[in-house]
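J.: Take this structure, written in structure tokens, and hold onto it; I'll ask about it next.
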Amino acid sequence: MHAMWKGTLQIAKIQIPIKLYAATEDKEIALKTLHAACGGALSHLKYCRACEEKVEPEDVRKAYDLGGGNYVELTEEELEGIAPPASKTLFIEQFADESDVARIRLKKHYYVGSDELGDETFRLLHAGLLRTNKAGIGYITLRSAQSLAALWPTPEGLVLSTMLYEDELRPMERIASAGNRAHAPISENHLFVFRQLIDAMSSPFVGTKYPNKYDTALRALLENKMTKLAPQQRAREEPAVKRENHLGDLLTNLTASLEMAQNGDDSFAPSGDDSLPH
């Protein structure tokens with residue numbers, strides 16, 4: 001695997017040479033946009049709606065929209081002047097409990113590898129974070145952009161995740177639904193049965209159990225097109241979950257669901273249809 005970033009991890013006076021490797025990859029099938037008349041590929045041109053003409057790259061400027069047709073224009077020199085310095089050092093500014101770093105903050109993930117020179121210190125860092133359930137927090141510059149980042153342990157090694165900033169998170173309190181009130185009272189009888197339902201439906205998560213159904217269907221469609229075969233018989237559609245007008249008696253529904261789970265009935269499994277009762 002090719003390292004996409006090489007640099008230094010610094011914790012106080014400790015320096016560790018590290019490498020970052022992309023932990024994920026996009027498997028989505030890319031479809032091109034073509035001109036129906038001739039089949040030519042379409043390019044994305046810059047077009048000025050005021051002049052009604054194509055704009056060349058050297059004539060493009062960046063500006064902030066003040067509203068009412070007013071803009072504050074920024075030059076490339078001005079933007080370069082405030083850009084973060086090109087740095088190859090990840091400075092860990094603090095450690096925090098892993099539970100303090102909300103998962104909703106995490107954006108892109110990278111596996112962290114070590115260099116032979118700092119291998120012993122790297123293993124010490126991994127063991128220390130793993131045993132204390134801590135994450136290191138700091139800034140890193142990737143592809144000329146500075147990001148807040150969290151360095152956290154897994155049993156297999158270290159992962160670095162770029163993070164959203166505080167003002168990029170929307171508070172859940174903005175959702176007006178009464179169901180989102182975390183401290184609203186609930187029935188202990190309902191909770192007891194629901195916990196049994198959770199236990200009955202719980203099993204180790206295995207990612208291969210959940211394939212990308214759309215990707216599989218798209219690949220099959222493309223293969224049929226390429227080989228000029230007759231379209232395969234459409235796979236049997238899973239029945240959509242019936243949308244109910246009301247929830248009925250909650251305890252009855254919970255008890256029935258628990259019985260289904262305990263009997264190994266998987267008819268409650270999602271079919272990909274979002275028509276759920278609400």
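Lettering and numbering for the structure tokens are positional, with chains as A, B, ... in the shown order, residues counted from 1 in each chain, and ligands counted from 1 in the shown order.
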List the neighbours of A:Pro85 out to 10 Å using only C-alpha atoms; skip same-chain residues closer than 5 positions along the sequence, and give me the result as number ranges by chain.
T.: A: 80, 141, 144-146
J.: Could you find all residues in stretch 16-235 of chain A that DSSP calls helix (DSSP H, G or I) from the backbone, and write them as number ranges by chain?
T.: A: 57-59, 76-82, 98-100, 103-105, 116-132, 166-168, 172-174, 178-180, 188-201, 207-209, 213-227
J.: With a distance cut-off of 9 Å and only C-alpha atoms, select the neighbouring residues of stretch 21-32 of chain A, excluding the residue or stretch itself and same-chain residues fewer than 4 positions from it, and output the selection as JSON, numbers by chain.
T.: {"A": [1, 2, 3, 4, 5, 41, 42, 108, 109, 110, 111, 112, 113, 159, 215, 218, 219]}
J.: Mind running stretch 99-158 of chain A against stretch 163-169 of chain A at 12 Å and telling me each contacting residue's nearest atom pair with the distance in Å (one decimal), counting only C-alpha atoms, chain and number ascending, as a Markdown table?
T.:
| residue | atom | partner | partner_atom | distance |
| --- | --- | --- | --- | --- |
| A:Val101 | CA | A:Met163 | CA | 9.3 |
| A:Ala102 | CA | A:Met163 | CA | 9.7 |
| A:Arg103 | CA | A:Met163 | CA | 9.3 |
| A:Ile104 | CA | A:Leu169 | CA | 8.3 |
| A:Arg105 | CA | A:Leu164 | CA | 5.0 |
| A:Leu106 | CA | A:Met163 | CA | 4.6 |
| A:Lys107 | CA | A:Met163 | CA | 5.4 |
| A:Lys108 | CA | A:Met163 | CA | 7.7 |
| A:His109 | CA | A:Met163 | CA | 9.5 |
| A:Ile137 | CA | A:Met163 | CA | 9.7 |
| A:Gly138 | CA | A:Met163 | CA | 10.0 |
| A:Tyr139 | CA | A:Met163 | CA | 9.7 |
| A:Ile140 | CA | A:Met163 | CA | 10.5 |
| A:Gln146 | CA | A:Met163 | CA | 10.7 |
| A:Ser147 | CA | A:Met163 | CA | 6.9 |
| A:Leu148 | CA | A:Met163 | CA | 5.3 |
| A:Ala149 | CA | A:Met163 | CA | 5.3 |
| A:Ala150 | CA | A:Met163 | CA | 7.0 |
| A:Leu151 | CA | A:Met163 | CA | 10.5 |
J.: Suppose we keep N, CA and C atoms; can you now write the selection as a PDB file, in the first residue's frame?
T.:
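Written file, again.pdb:
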ATOM      1  N   VAL A 101     -14.831  12.389  22.090  1.00  0.00           N
ATOM      2  CA  VAL A 101     -14.768  12.739  20.667  1.00  0.00           C
ATOM      3  C   VAL A 101     -15.975  12.112  19.978  1.00  0.00           C
ATOM      4  N   ALA A 102     -17.007  12.892  19.762  1.00  0.00           N
ATOM      5  CA  ALA A 102     -18.239  12.380  19.171  1.00  0.00           C
ATOM      6  C   ALA A 102     -17.968  11.836  17.773  1.00  0.00           C
ATOM      7  N   ARG A 103     -18.523  10.671  17.475  1.00  0.00           N
ATOM      8  CA  ARG A 103     -18.301  10.039  16.172  1.00  0.00           C
ATOM      9  C   ARG A 103     -18.802  10.895  15.022  1.00  0.00           C
ATOM     10  N   ILE A 104     -19.797  11.763  15.303  1.00  0.00           N
ATOM     11  CA  ILE A 104     -20.339  12.604  14.233  1.00  0.00           C
ATOM     12  C   ILE A 104     -19.302  13.616  13.749  1.00  0.00           C
ATOM     13  N   ARG A 105     -18.273  13.864  14.557  1.00  0.00           N
ATOM     14  CA  ARG A 105     -17.216  14.804  14.166  1.00  0.00           C
ATOM     15  C   ARG A 105     -16.253  14.226  13.129  1.00  0.00           C
ATOM     16  N   LEU A 106     -16.094  12.909  13.110  1.00  0.00           N
ATOM     17  CA  LEU A 106     -15.047  12.283  12.307  1.00  0.00           C
ATOM     18  C   LEU A 106     -15.393  12.310  10.815  1.00  0.00           C
ATOM     19  N   LYS A 107     -14.410  12.668   9.981  1.00  0.00           N
ATOM     20  CA  LYS A 107     -14.657  12.832   8.545  1.00  0.00           C
ATOM     21  C   LYS A 107     -13.961  11.744   7.719  1.00  0.00           C
ATOM     22  N   LYS A 108     -12.668  11.873   7.537  1.00  0.00           N
ATOM     23  CA  LYS A 108     -11.920  10.947   6.688  1.00  0.00           C
ATOM     24  C   LYS A 108     -10.878  10.233   7.539  1.00  0.00           C
ATOM     25  N   HIS A 109     -10.640   8.955   7.221  1.00  0.00           N
ATOM     26  CA  HIS A 109      -9.802   8.125   8.081  1.00  0.00           C
ATOM     27  C   HIS A 109      -8.542   7.641   7.353  1.00  0.00           C
ATOM     28  N   ILE A 137      -5.311  14.784  20.117  1.00  0.00           N
ATOM     29  CA  ILE A 137      -5.972  15.818  19.329  1.00  0.00           C
ATOM     30  C   ILE A 137      -4.931  16.831  18.868  1.00  0.00           C
ATOM     31  N   GLY A 138      -4.974  17.195  17.595  1.00  0.00           N
ATOM     32  CA  GLY A 138      -4.042  18.191  17.070  1.00  0.00           C
ATOM     33  C   GLY A 138      -4.406  18.603  15.661  1.00  0.00           C
ATOM     34  N   TYR A 139      -3.507  19.349  15.022  1.00  0.00           N
ATOM     35  CA  TYR A 139      -3.716  19.815  13.658  1.00  0.00           C
ATOM     36  C   TYR A 139      -2.761  19.100  12.710  1.00  0.00           C
ATOM     37  N   ILE A 140      -3.245  18.867  11.483  1.00  0.00           N
ATOM     38  CA  ILE A 140      -2.406  18.276  10.451  1.00  0.00           C
ATOM     39  C   ILE A 140      -2.725  18.959   9.131  1.00  0.00           C
ATOM     40  N   GLN A 146      -5.301  22.700   6.233  1.00  0.00           N
ATOM     41  CA  GLN A 146      -5.124  22.329   7.632  1.00  0.00           C
ATOM     42  C   GLN A 146      -6.422  21.778   8.196  1.00  0.00           C
ATOM     43  N   SER A 147      -6.323  20.675   8.928  1.00  0.00           N
ATOM     44  CA  SER A 147      -7.498  20.029   9.509  1.00  0.00           C
ATOM     45  C   SER A 147      -7.246  19.719  10.973  1.00  0.00           C
ATOM     46  N   LEU A 148      -8.308  19.799  11.752  1.00  0.00           N
ATOM     47  CA  LEU A 148      -8.273  19.266  13.108  1.00  0.00           C
ATOM     48  C   LEU A 148      -8.311  17.745  12.980  1.00  0.00           C
ATOM     49  N   ALA A 149      -7.581  17.052  13.825  1.00  0.00           N
ATOM     50  CA  ALA A 149      -7.484  15.602  13.676  1.00  0.00           C
ATOM     51  C   ALA A 149      -7.450  14.906  15.031  1.00  0.00           C
ATOM     52  N   ALA A 150      -7.919  13.667  15.026  1.00  0.00           N
ATOM     53  CA  ALA A 150      -7.875  12.816  16.221  1.00  0.00           C
ATOM     54  C   ALA A 150      -7.067  11.569  15.888  1.00  0.00           C
ATOM     55  N   LEU A 151      -6.147  11.226  16.771  1.00  0.00           N
ATOM     56  CA  LEU A 151      -5.333  10.014  16.643  1.00  0.00           C
ATOM     57  C   LEU A 151      -5.848   9.030  17.679  1.00  0.00           C
TER      58      LEU A 151
END
J.: Which residues are near A:Phe122? Cut-off 9 Å, only C-alpha atoms, ignore same chain within fewer than 6 positions. Put them as an MDAnalysis selection string.
T.: chainID A and resid 16:18 113:115
J.: For A:Gly136, find every residue with an atom within 9 Å (counting only C-alpha atoms), except residues of its own chain fewer than 4 positions away, and show them as a list of chain:residue names.
T.: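 Close residues of A:Gly136: A:Ile92, A:Glu93, A:Gln94, A:Phe95, A:Ala96, A:Asp97, A:Glu98, A:Leu129, A:Ala149, A:Ala150, A:Leu151, A:Trp152.
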J.: Would you mind listing what lies within 12 Å of stretch 43-47 of chain A as a list in words, with only C-alpha atoms counted and same-chain residues fewer than 3 positions away left out?
T.: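 In the requested form, the answer reads Lys32, Thr33, Leu34, His35, Gly40, Ala50, Cys51, Glu52, Glu53, Lys54, Val55, Glu56, Pro57, Glu58, Asp59, Val60 and Arg61 of chain A.
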J.: If you measure from atom CA of A:Lys6 to atom CA of A:Ala86, what distance in Å do you get, rounded to one decimal?
T.: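 Separation of atom CA of A:Lys6 and atom CA of A:Ala86: 12.7 Å.
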J.: Find the residues near A:Ser202: any atom within 12 Å, counting only C-alpha atoms, skip ones fewer than 6 places away on the same chain, and give them as a ChimeraX atom specification.
T.: /A:195-196,258,261-262,264
J.: Generate a file of the selected residues that holds N, CA, C and O atoms, formatted as a JSON list (two decimals), in the first residue's frame.
T.:
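File produced: part17.json:
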[["chain", "number", "residue", "atom", "x", "y", "z"],
["A", 195, "ARG", "N", -35.27, -3.81, 25.88],
["A", 195, "ARG", "CA", -33.92, -4.28, 26.11],
["A", 195, "ARG", "C", -33.81, -5.77, 25.80],
["A", 195, "ARG", "O", -32.78, -6.24, 25.29],
["A", 196, "GLN", "N", -34.86, -6.53, 26.08],
["A", 196, "GLN", "CA", -34.86, -7.95, 25.72],
["A", 196, "GLN", "C", -34.84, -8.10, 24.20],
["A", 196, "GLN", "O", -34.18, -9.00, 23.66],
["A", 258, "LEU", "N", -40.27, -9.00, 20.04],
["A", 258, "LEU", "CA", -39.37, -9.86, 20.81],
["A", 258, "LEU", "C", -39.59, -11.32, 20.48],
["A", 258, "LEU", "O", -38.64, -12.09, 20.32],
["A", 261, "ALA", "N", -37.96, -12.11, 17.19],
["A", 261, "ALA", "CA", -36.50, -12.21, 17.30],
["A", 261, "ALA", "C", -36.08, -13.51, 17.97],
["A", 261, "ALA", "O", -35.13, -14.17, 17.54],
["A", 262, "GLN", "N", -36.79, -13.88, 19.03],
["A", 262, "GLN", "CA", -36.44, -15.10, 19.76],
["A", 262, "GLN", "C", -36.71, -16.35, 18.94],
["A", 262, "GLN", "O", -36.04, -17.38, 19.12],
["A", 264, "GLY", "N", -36.21, -16.49, 15.77],
["A", 264, "GLY", "CA", -35.32, -16.48, 14.60],
["A", 264, "GLY", "C", -35.99, -15.98, 13.35],
["A", 264, "GLY", "O", -35.50, -16.20, 12.24]]
J.: So which bits of stretch 133-204 of chain A end up strand (DSSP E) when you DSSP the backbone, as a list of chain:residue names?
T.: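 Here are the strand (DSSP E) residues of stretch 133-204 of chain A: A:Lys134, A:Ala135, A:Gly136, A:Ile137, A:Gly138, A:Tyr139, A:Ile140, A:Thr141, A:Leu142, A:Ala145, A:Gln146, A:Ser147, A:Leu148, A:Ala149, A:Ala150, A:Leu151, A:Trp152, A:Pro153, A:Thr154, A:Gly157, A:Leu158, A:Val159, A:Leu160, A:Ser161, A:Thr162, A:Met163.
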J.: Store the residues of this selection in a file with N, CA, C and O atoms, as a short mmCIF file (atom, residue, chain, number, x, y, z; two decimals), in the first residue's frame.
T.:
data_model
loop_
_atom_site.label_atom_id
_atom_site.label_comp_id
_atom_site.auth_asym_id
_atom_site.auth_seq_id
_atom_site.Cartn_x
_atom_site.Cartn_y
_atom_site.Cartn_z
N LYS A 134 -7.62 6.67 25.31
CA LYS A 134 -7.44 8.09 25.00
C LYS A 134 -7.24 8.28 23.50
O LYS A 134 -6.86 7.37 22.77
N ALA A 135 -7.51 9.52 23.06
CA ALA A 135 -7.24 9.93 21.68
C ALA A 135 -6.40 11.19 21.72
O ALA A 135 -6.59 12.05 22.59
N GLY A 136 -5.45 11.30 20.80
CA GLY A 136 -4.64 12.51 20.69
C GLY A 136 -5.31 13.50 19.75
O GLY A 136 -5.83 13.12 18.70
N ILE A 137 -5.31 14.78 20.12
CA ILE A 137 -5.97 15.82 19.33
C ILE A 137 -4.93 16.83 18.87
O ILE A 137 -4.10 17.29 19.66
N GLY A 138 -4.97 17.19 17.60
CA GLY A 138 -4.04 18.19 17.07
C GLY A 138 -4.41 18.60 15.66
O GLY A 138 -5.48 18.27 15.15
N TYR A 139 -3.51 19.35 15.02
CA TYR A 139 -3.72 19.81 13.66
C TYR A 139 -2.76 19.10 12.71
O TYR A 139 -1.62 18.81 13.06
N ILE A 140 -3.25 18.87 11.48
CA ILE A 140 -2.41 18.28 10.45
C ILE A 140 -2.72 18.96 9.13
O ILE A 140 -3.88 19.34 8.87
N THR A 141 -1.70 19.15 8.31
CA THR A 141 -1.88 19.76 6.99
C THR A 141 -1.80 18.66 5.94
O THR A 141 -0.76 18.03 5.77
N LEU A 142 -2.92 18.44 5.26
CA LEU A 142 -3.01 17.45 4.20
C LEU A 142 -3.45 18.13 2.92
O LEU A 142 -4.47 18.84 2.90
N ALA A 145 -4.28 21.84 3.01
CA ALA A 145 -5.39 22.27 3.85
C ALA A 145 -5.17 21.78 5.27
O ALA A 145 -4.87 20.61 5.50
N GLN A 146 -5.30 22.70 6.23
CA GLN A 146 -5.12 22.33 7.63
C GLN A 146 -6.42 21.78 8.20
O GLN A 146 -7.50 22.33 7.98
N SER A 147 -6.32 20.67 8.93
CA SER A 147 -7.50 20.03 9.51
C SER A 147 -7.25 19.72 10.97
O SER A 147 -6.11 19.42 11.37
N LEU A 148 -8.31 19.80 11.75
CA LEU A 148 -8.27 19.27 13.11
C LEU A 148 -8.31 17.75 12.98
O LEU A 148 -8.99 17.21 12.10
N ALA A 149 -7.58 17.05 13.82
CA ALA A 149 -7.48 15.60 13.68
C ALA A 149 -7.45 14.91 15.03
O ALA A 149 -7.04 15.48 16.04
N ALA A 150 -7.92 13.67 15.03
CA ALA A 150 -7.88 12.82 16.22
C ALA A 150 -7.07 11.57 15.89
O ALA A 150 -7.27 10.94 14.85
N LEU A 151 -6.15 11.23 16.77
CA LEU A 151 -5.33 10.01 16.64
C LEU A 151 -5.85 9.03 17.68
O LEU A 151 -5.77 9.30 18.88
N TRP A 152 -6.43 7.92 17.22
CA TRP A 152 -7.05 6.99 18.17
C TRP A 152 -6.64 5.55 17.88
O TRP A 152 -6.29 5.20 16.75
N PRO A 153 -6.68 4.71 18.94
CA PRO A 153 -6.17 3.34 18.79
C PRO A 153 -7.26 2.33 18.46
O PRO A 153 -8.42 2.47 18.84
N THR A 154 -6.86 1.30 17.74
CA THR A 154 -7.65 0.08 17.58
C THR A 154 -6.75 -1.06 18.03
O THR A 154 -5.52 -0.87 18.15
N GLY A 157 -3.90 -1.28 15.50
CA GLY A 157 -2.96 -0.19 15.27
C GLY A 157 -3.60 1.15 15.52
O GLY A 157 -4.61 1.27 16.22
N LEU A 158 -3.01 2.21 14.92
CA LEU A 158 -3.49 3.57 15.11
C LEU A 158 -4.21 4.08 13.87
O LEU A 158 -3.83 3.76 12.75
N VAL A 159 -5.23 4.90 14.10
CA VAL A 159 -5.99 5.52 13.02
C VAL A 159 -6.00 7.02 13.26
O VAL A 159 -6.16 7.48 14.40
N LEU A 160 -5.81 7.79 12.20
CA LEU A 160 -5.95 9.23 12.27
C LEU A 160 -7.20 9.64 11.51
O LEU A 160 -7.40 9.22 10.36
N SER A 161 -8.06 10.43 12.14
CA SER A 161 -9.29 10.88 11.51
C SER A 161 -9.35 12.40 11.51
O SER A 161 -9.13 13.03 12.55
N THR A 162 -9.58 13.00 10.34
CA THR A 162 -9.83 14.43 10.32
C THR A 162 -11.19 14.70 10.94
O THR A 162 -12.07 13.84 10.93
N MET A 163 -11.37 15.90 11.49
CA MET A 163 -12.56 16.18 12.28
C MET A 163 -13.25 17.48 11.83
O MET A 163 -12.61 18.38 11.29
#
J.: Which one is closest to A:Ser187: A:Ala63, A:Cys48, A:Ala36, A:Leu250? Count only C-alpha atoms.
T.: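 Ranked by minimum distance to A:Ser187, first place goes to A:Leu250.
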J.: With distances taken over only C-alpha atoms, which of A:Asn224, A:Ser87, A:Thr208, A:Gln10 is nearest to A:Gly118?
T.: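 Among the listed residues, the smallest separation from A:Gly118 belongs to A:Gln10.
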